[in-house]
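The structure file my_file_32.cif is reproduced below (mmCIF, C-alpha atoms).
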```cif
data_structure
#
loop_
_atom_site.label_atom_id
_atom_site.label_comp_id
_atom_site.auth_asym_id
_atom_site.auth_seq_id
_atom_site.Cartn_x
_atom_site.Cartn_y
_atom_site.Cartn_z
CA MET A 1 -3.82 -23.96 -138.22
CA GLY A 2 -1.80 -22.10 -140.85
CA GLU A 3 1.43 -23.12 -142.51
CA ARG A 4 4.18 -24.12 -140.11
CA SER A 5 6.92 -21.49 -139.77
CA ALA A 6 10.64 -22.16 -139.96
CA ARG A 7 11.28 -20.25 -136.76
CA VAL A 8 9.40 -18.07 -134.30
CA TRP A 9 10.14 -16.08 -131.14
CA ALA A 10 8.15 -16.73 -127.96
CA GLY A 11 8.13 -14.01 -125.31
CA VAL A 12 6.90 -14.77 -121.80
CA ASP A 13 5.85 -12.12 -119.32
CA ALA A 14 6.19 -14.17 -116.13
CA GLY A 15 4.00 -13.73 -113.07
CA LYS A 16 3.22 -15.45 -109.79
CA GLY A 17 -0.30 -16.64 -110.62
CA HIS A 18 -0.06 -16.70 -114.39
CA HIS A 19 2.19 -15.89 -117.32
CA TRP A 20 1.38 -14.30 -120.65
CA ALA A 21 3.08 -15.78 -123.70
CA ALA A 22 3.18 -14.28 -127.19
CA VAL A 23 4.70 -15.74 -130.34
CA VAL A 24 5.84 -13.71 -133.35
CA ASN A 25 7.12 -14.82 -136.73
CA GLU A 26 10.05 -13.48 -138.75
CA ALA A 27 7.92 -10.54 -139.91
CA GLY A 28 6.91 -9.61 -136.37
CA ALA A 29 3.32 -10.77 -136.79
CA THR A 30 1.65 -12.31 -133.75
CA LEU A 31 0.89 -15.99 -134.27
CA TRP A 32 -0.18 -16.88 -130.73
CA SER A 33 -0.91 -14.86 -127.58
CA LYS A 34 -2.48 -16.32 -124.44
CA LYS A 35 -2.67 -16.12 -120.69
CA VAL A 36 -1.16 -19.26 -119.17
CA ALA A 37 -1.77 -20.31 -115.56
CA ASN A 38 1.39 -20.96 -113.52
CA ASP A 39 0.48 -24.63 -113.42
CA GLU A 40 2.25 -27.61 -114.97
CA THR A 41 -0.70 -28.80 -117.05
CA ALA A 42 -1.43 -25.31 -118.42
CA ILE A 43 2.23 -24.63 -119.18
CA LEU A 44 2.67 -27.99 -120.93
CA THR A 45 -0.44 -27.35 -123.03
CA ALA A 46 0.88 -23.95 -124.08
CA LEU A 47 4.34 -25.41 -124.73
CA GLY A 48 2.87 -28.03 -127.05
CA GLU A 49 0.82 -25.47 -128.96
CA ILE A 50 3.81 -23.16 -129.41
CA LEU A 51 6.18 -25.94 -130.49
CA ASP A 52 3.63 -26.94 -133.13
CA LEU A 53 3.90 -23.50 -134.72
CA ALA A 54 7.47 -23.78 -136.00
CA ASP A 55 10.48 -25.97 -136.55
CA GLU A 56 12.53 -23.73 -134.26
CA VAL A 57 11.31 -21.71 -131.28
CA HIS A 58 13.46 -19.02 -129.65
CA TRP A 59 12.29 -18.40 -126.08
CA ALA A 60 12.71 -15.18 -124.12
CA VAL A 61 11.63 -14.61 -120.52
CA ASP A 62 11.56 -11.58 -118.24
CA ILE A 63 12.37 -13.74 -115.22
CA SER A 64 10.66 -12.60 -112.03
CA GLY A 65 11.91 -14.42 -108.93
CA THR A 66 10.69 -17.90 -108.07
CA SER A 67 7.43 -17.41 -109.98
CA SER A 68 9.07 -18.55 -113.22
CA ALA A 69 10.89 -21.58 -111.77
CA LEU A 70 8.29 -24.12 -112.96
CA LEU A 71 8.11 -22.54 -116.42
CA LEU A 72 11.89 -22.60 -116.84
CA ALA A 73 12.14 -26.11 -115.44
CA LEU A 74 9.60 -27.37 -117.98
CA LEU A 75 11.38 -25.59 -120.83
CA ALA A 76 14.68 -27.19 -119.78
CA ALA A 77 13.07 -30.60 -119.37
CA HIS A 78 11.82 -30.38 -122.98
CA GLY A 79 15.15 -29.33 -124.41
CA GLN A 80 14.15 -25.69 -124.91
CA ARG A 81 16.57 -22.83 -124.26
CA ALA A 82 15.56 -19.32 -123.26
CA VAL A 83 17.26 -15.96 -123.05
CA TYR A 84 16.80 -13.46 -120.25
CA VAL A 85 15.32 -10.10 -121.29
CA PRO A 86 15.66 -7.68 -118.34
CA GLY A 87 12.52 -5.92 -117.17
CA ARG A 88 14.10 -2.51 -117.68
CA THR A 89 14.63 -3.36 -121.36
CA VAL A 90 10.99 -4.40 -121.69
CA ASN A 91 9.87 -1.15 -120.07
CA ARG A 92 12.03 0.91 -122.43
CA MET A 93 10.79 -0.88 -125.51
CA ALA A 94 7.12 -1.00 -124.48
CA GLY A 95 6.51 2.61 -125.53
CA ALA A 96 6.96 1.63 -129.17
CA TYR A 97 4.14 -0.92 -128.96
CA ARG A 98 1.19 0.94 -127.52
CA GLY A 99 -1.28 -0.83 -129.78
CA GLU A 100 -1.66 -3.76 -127.40
CA ALA A 101 -4.61 -3.16 -125.09
CA LYS A 102 -3.63 -5.50 -122.25
CA THR A 103 -0.37 -4.76 -120.45
CA ASP A 104 0.61 -8.44 -120.00
CA ALA A 105 -0.09 -9.23 -123.64
CA ARG A 106 1.82 -6.16 -124.76
CA ASP A 107 4.81 -6.99 -122.56
CA ALA A 108 4.93 -10.57 -123.82
CA TYR A 109 4.84 -9.29 -127.39
CA VAL A 110 7.57 -6.76 -126.63
CA ILE A 111 9.74 -9.50 -125.11
CA ALA A 112 9.31 -11.67 -128.21
CA GLU A 113 9.96 -8.77 -130.58
CA THR A 114 13.00 -7.60 -128.63
CA ALA A 115 14.47 -11.09 -128.74
CA ARG A 116 13.76 -11.24 -132.49
CA HIS A 117 15.71 -8.04 -133.14
CA ARG A 118 18.57 -8.50 -130.69
CA ARG A 119 21.07 -11.30 -130.18
CA ASP A 120 22.94 -9.97 -127.14
CA PHE A 121 20.79 -11.31 -124.31
CA THR A 122 22.12 -13.81 -121.80
CA ALA A 123 21.12 -17.40 -122.54
CA ILE A 124 19.74 -19.40 -119.64
CA ASP A 125 21.81 -22.54 -120.09
CA VAL A 126 20.78 -25.54 -118.00
CA PRO A 127 23.45 -28.23 -117.52
CA ALA A 128 22.56 -31.69 -118.83
CA GLN A 129 22.49 -33.23 -115.35
CA LEU A 130 20.18 -30.52 -114.03
CA ALA A 131 17.92 -30.79 -117.08
CA ALA A 132 17.74 -34.58 -116.61
CA GLU A 133 16.79 -34.17 -112.95
CA LEU A 134 14.13 -31.61 -113.82
CA ALA A 135 12.75 -33.88 -116.55
CA LEU A 136 12.43 -36.76 -114.07
CA LEU A 137 10.79 -34.58 -111.44
CA THR A 138 8.30 -32.99 -113.82
CA ALA A 139 7.41 -36.36 -115.37
CA HIS A 140 6.85 -37.78 -111.89
CA ARG A 141 4.68 -34.80 -111.02
CA SER A 142 2.62 -35.36 -114.17
CA ASP A 143 2.04 -38.97 -113.12
CA LEU A 144 0.92 -37.87 -109.65
CA VAL A 145 -1.47 -35.31 -111.14
CA ALA A 146 -2.95 -38.02 -113.37
CA ASP A 147 -3.37 -40.27 -110.31
CA ARG A 148 -5.13 -37.44 -108.50
CA VAL A 149 -7.59 -36.88 -111.36
CA ARG A 150 -8.36 -40.60 -111.43
CA MET A 151 -8.97 -40.72 -107.67
CA ILE A 152 -11.15 -37.60 -107.71
CA ASN A 153 -13.30 -39.14 -110.46
CA ARG A 154 -13.56 -42.40 -108.52
CA LEU A 155 -14.50 -40.58 -105.32
CA ARG A 156 -17.25 -38.62 -107.06
CA ASP A 157 -18.60 -41.78 -108.67
CA VAL A 158 -18.79 -43.70 -105.39
CA LEU A 159 -20.19 -40.72 -103.49
CA THR A 160 -22.92 -40.25 -106.11
CA GLY A 161 -24.09 -43.80 -105.35
CA ILE A 162 -24.83 -43.02 -101.69
CA PHE A 163 -25.08 -39.25 -101.29
CA PRO A 164 -25.61 -37.45 -104.64
CA ALA A 165 -26.55 -34.14 -102.99
CA LEU A 166 -23.15 -33.97 -101.26
CA GLU A 167 -21.35 -34.95 -104.47
CA ARG A 168 -22.90 -31.90 -106.14
CA ALA A 169 -22.20 -29.58 -103.22
CA PHE A 170 -18.42 -29.21 -103.62
CA ASP A 171 -15.71 -29.13 -106.23
CA TYR A 172 -13.57 -31.87 -104.71
CA SER A 173 -10.71 -31.23 -107.12
CA ALA A 174 -10.14 -27.79 -105.58
CA HIS A 175 -11.72 -27.83 -102.10
CA LYS A 176 -9.44 -29.22 -99.42
CA GLY A 177 -12.03 -28.66 -96.70
CA ALA A 178 -14.56 -30.86 -98.50
CA LEU A 179 -11.99 -33.65 -98.73
CA VAL A 180 -11.22 -33.33 -95.02
CA LEU A 181 -14.96 -33.56 -94.33
CA LEU A 182 -15.16 -36.84 -96.26
CA THR A 183 -12.40 -38.44 -94.20
CA GLY A 184 -14.78 -38.35 -91.24
CA TYR A 185 -18.32 -38.04 -92.57
CA GLN A 186 -19.75 -39.49 -95.76
CA THR A 187 -23.46 -40.12 -95.13
CA PRO A 188 -26.47 -37.85 -94.52
CA ALA A 189 -27.42 -39.50 -91.23
CA ALA A 190 -23.91 -39.21 -89.78
CA MET A 191 -23.77 -35.51 -90.59
CA ARG A 192 -27.22 -34.82 -89.13
CA ARG A 193 -26.29 -36.65 -85.93
CA ARG A 194 -23.15 -34.54 -85.59
CA GLY A 195 -24.97 -31.23 -86.01
CA ARG A 196 -23.66 -27.96 -87.35
CA ALA A 197 -21.85 -26.71 -84.24
CA ARG A 198 -19.94 -29.91 -83.57
CA LEU A 199 -19.24 -30.51 -87.26
CA THR A 200 -17.85 -26.98 -87.57
CA ALA A 201 -15.61 -27.56 -84.54
CA TRP A 202 -14.45 -30.91 -85.95
CA LEU A 203 -13.47 -29.29 -89.24
CA ALA A 204 -11.84 -26.28 -87.58
CA ASN A 205 -9.72 -28.57 -85.39
CA ARG A 206 -8.35 -30.10 -88.61
CA GLY A 207 -7.34 -26.75 -90.06
CA VAL A 208 -10.25 -26.27 -92.48
CA ARG A 209 -10.72 -22.63 -93.45
CA GLY A 210 -14.32 -21.49 -93.54
CA ALA A 211 -15.28 -24.51 -91.44
CA ASP A 212 -18.75 -23.15 -90.66
CA ALA A 213 -19.56 -22.63 -94.35
CA VAL A 214 -18.40 -26.16 -95.19
CA ALA A 215 -20.48 -27.61 -92.36
CA ALA A 216 -23.54 -25.59 -93.40
CA THR A 217 -23.26 -26.74 -97.03
CA ALA A 218 -22.82 -30.36 -95.97
CA LEU A 219 -25.82 -30.26 -93.61
CA GLU A 220 -27.99 -28.63 -96.27
CA ALA A 221 -27.18 -31.59 -98.52
CA ALA A 222 -27.82 -34.02 -95.64
CA ASP A 223 -31.24 -32.48 -94.90
CA ALA A 224 -32.18 -33.01 -98.57
CA GLN A 225 -31.66 -36.78 -98.36
CA ARG A 226 -33.37 -39.06 -95.83
CA THR A 227 -33.15 -42.27 -97.83
CA VAL A 228 -30.38 -44.77 -97.07
CA LEU A 229 -29.05 -46.12 -100.36
CA PRO A 230 -27.79 -49.69 -100.89
CA GLY A 231 -24.16 -50.39 -100.01
CA GLU A 232 -23.87 -47.20 -97.95
CA ASP A 233 -21.47 -48.52 -95.29
CA VAL A 234 -18.99 -50.03 -97.75
CA ALA A 235 -19.19 -47.04 -100.08
CA ALA A 236 -18.68 -44.64 -97.16
CA ALA A 237 -15.49 -46.45 -96.18
CA ILE A 238 -14.23 -46.27 -99.77
CA VAL A 239 -15.02 -42.54 -99.97
CA ALA A 240 -13.16 -41.88 -96.70
CA ASP A 241 -10.15 -43.85 -97.94
CA LEU A 242 -10.08 -42.05 -101.29
CA ALA A 243 -10.38 -38.64 -99.62
CA ALA A 244 -7.45 -39.46 -97.33
CA GLN A 245 -5.37 -40.68 -100.29
CA ILE A 246 -6.08 -37.48 -102.26
CA LEU A 247 -5.06 -35.30 -99.32
CA ALA A 248 -1.85 -37.31 -98.92
CA LEU A 249 -1.22 -36.98 -102.64
CA ASP A 250 -1.67 -33.21 -102.40
CA ASP A 251 1.06 -33.16 -99.75
CA ARG A 252 3.31 -35.20 -102.07
CA LEU A 253 2.66 -32.73 -104.89
CA LYS A 254 3.64 -29.83 -102.63
CA ARG A 255 6.89 -31.62 -101.79
CA ILE A 256 7.57 -32.32 -105.47
CA ASP A 257 6.90 -28.66 -106.34
CA LYS A 258 9.38 -27.60 -103.66
CA GLN A 259 11.91 -30.11 -104.96
CA ILE A 260 11.49 -28.74 -108.49
CA ARG A 261 12.03 -25.19 -107.22
CA ASP A 262 15.03 -26.21 -105.12
CA THR A 263 16.54 -28.18 -108.00
CA PHE A 264 16.12 -25.28 -110.37
CA HIS A 265 17.76 -22.98 -107.85
CA ALA A 266 20.89 -25.09 -108.28
CA HIS A 267 20.98 -23.45 -111.71
CA PRO A 268 24.36 -21.72 -112.28
CA GLN A 269 22.48 -18.55 -113.23
CA ALA A 270 20.19 -18.58 -110.21
CA GLU A 271 21.44 -15.14 -109.23
CA ILE A 272 20.08 -13.71 -112.50
CA ILE A 273 16.82 -15.57 -112.03
CA GLU A 274 16.37 -14.15 -108.55
CA SER A 275 17.35 -10.61 -109.56
#
```
Please rewrite the model in this file as structure tokens.
Amino acid sequence: MGERSARVWAGVDAGKGHHWAAVVNEAGATLWSKKVANDETAILTALGEILDLADEVHWAVDISGTSSALLLALLAAHGQRAVYVPGRTVNRMAGAYRGEAKTDARDAYVIAETARHRRDFTAIDVPAQLAAELALLTAHRSDLVADRVRMINRLRDVLTGIFPALERAFDYSAHKGALVLLTGYQTPAAMRRRGRARLTAWLANRGVRGADAVAATALEAADAQRTVLPGEDVAAAIVADLAAQILALDDRLKRIDKQIRDTFHAHPQAEIIES
């Protein structure tokens, strides 16, 4: 990393699935430009990297509905202020910066550059009480995410001990249907006894999308293992319990995310944010 700057400007082109953030120095040179998933861990990682660039960071966001609520909540929770750069201003200024190949990257750069040159944009001020609430909620969410990672790792470890083919078959951190499967079936023999048609119906009745594909993948793994490994019954019960806990934790995370959004919408400038 190069020498730390005294101050920089960070422009964020906000989006539903991801944001693009660009950082410029006092000369307008780009110091940092990356796509950032609209996810707490990704945003916090980017926030840390950007704050490490300078003693003072000036943030500017082209707010786009509720998609930027988590981003703005995390900025507020970390004592960072942002200004609102209207989309029409970005569009007007973009023509002067045609050198950027990617539209998102260019827009983020334009937002940062516009904020560097102008001082008349509306600041998004978050009251102390609201910032404190957001800080508590986001910290709690971080703890829950850490708990989820720990439980996923434990589930995979236990499942490997009795049914390694099934452990390899799914990404349990991102596949809800696979977790639902494990709440009812954890061993090769149990899955073979159930059969594809009945297993598909069982999954579909529990709201699993692509139930037939999940059942087919599980039965393919079951057909590859005929050996009963030591401790299977106890391990199966642990796997089922962990899968149920992870699903319950996912529901808690959804509620926390909604609470974060609802809390941020108590922002006195919510009308601007929603515009």
Excluding Asp212 in chain A and its own-chain neighbours fewer than 6 positions away, which residues fall within 8 Å of it when counting all atoms listed in the file? Please give them as a ChimeraX atom specification. /A:196-197,200
Restricting the calculation to all atoms listed in the file, which member of A:Ala221, A:Ile260, A:Val24, A:Ile111 is positioned closest to Ala132 in chain A? A:Ile260
If you count all atoms listed in the file, the residue of A:Asp39, A:Asp147, A:Asp107, A:Asp171 closest to Val23 in chain A turns out to be A:Asp107
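Comparing A:Leu74, A:Ala178, A:Ala21, A:Ala240 by their smallest distance to Arg106 in chain A, the closest is A:Ala21 (using only C-alpha atoms).
Among A:Ile238, A:Ala211, A:Val83, A:Leu166, the residue with the shortest atom-to-atom distance to Asp120 in chain A, counting all atoms listed in the file, is A:Val83.
Across the structure, CA of Val36 in chain A and CA of Arg118 in chain A are spaced 25.3 Å apart.
With all atoms listed in the file as the atoms that count, the residue of A:Ala77, A:Leu31, A:Leu229, A:Leu51 with the shortest distance to Val158 in chain A is A:Leu229.
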Around all of range 168-177 of chain A's listed atoms, make the axis-aligned box with 3 Å on each side and tell me centre and edge lengths in Å to one decimal, as lines of an AutoDock Vina configuration file.
```
center_x = -16.2
center_y = -29.8
center_z = -101.9
size_x = 19.5
size_y = 10.1
size_z = 16.4
```
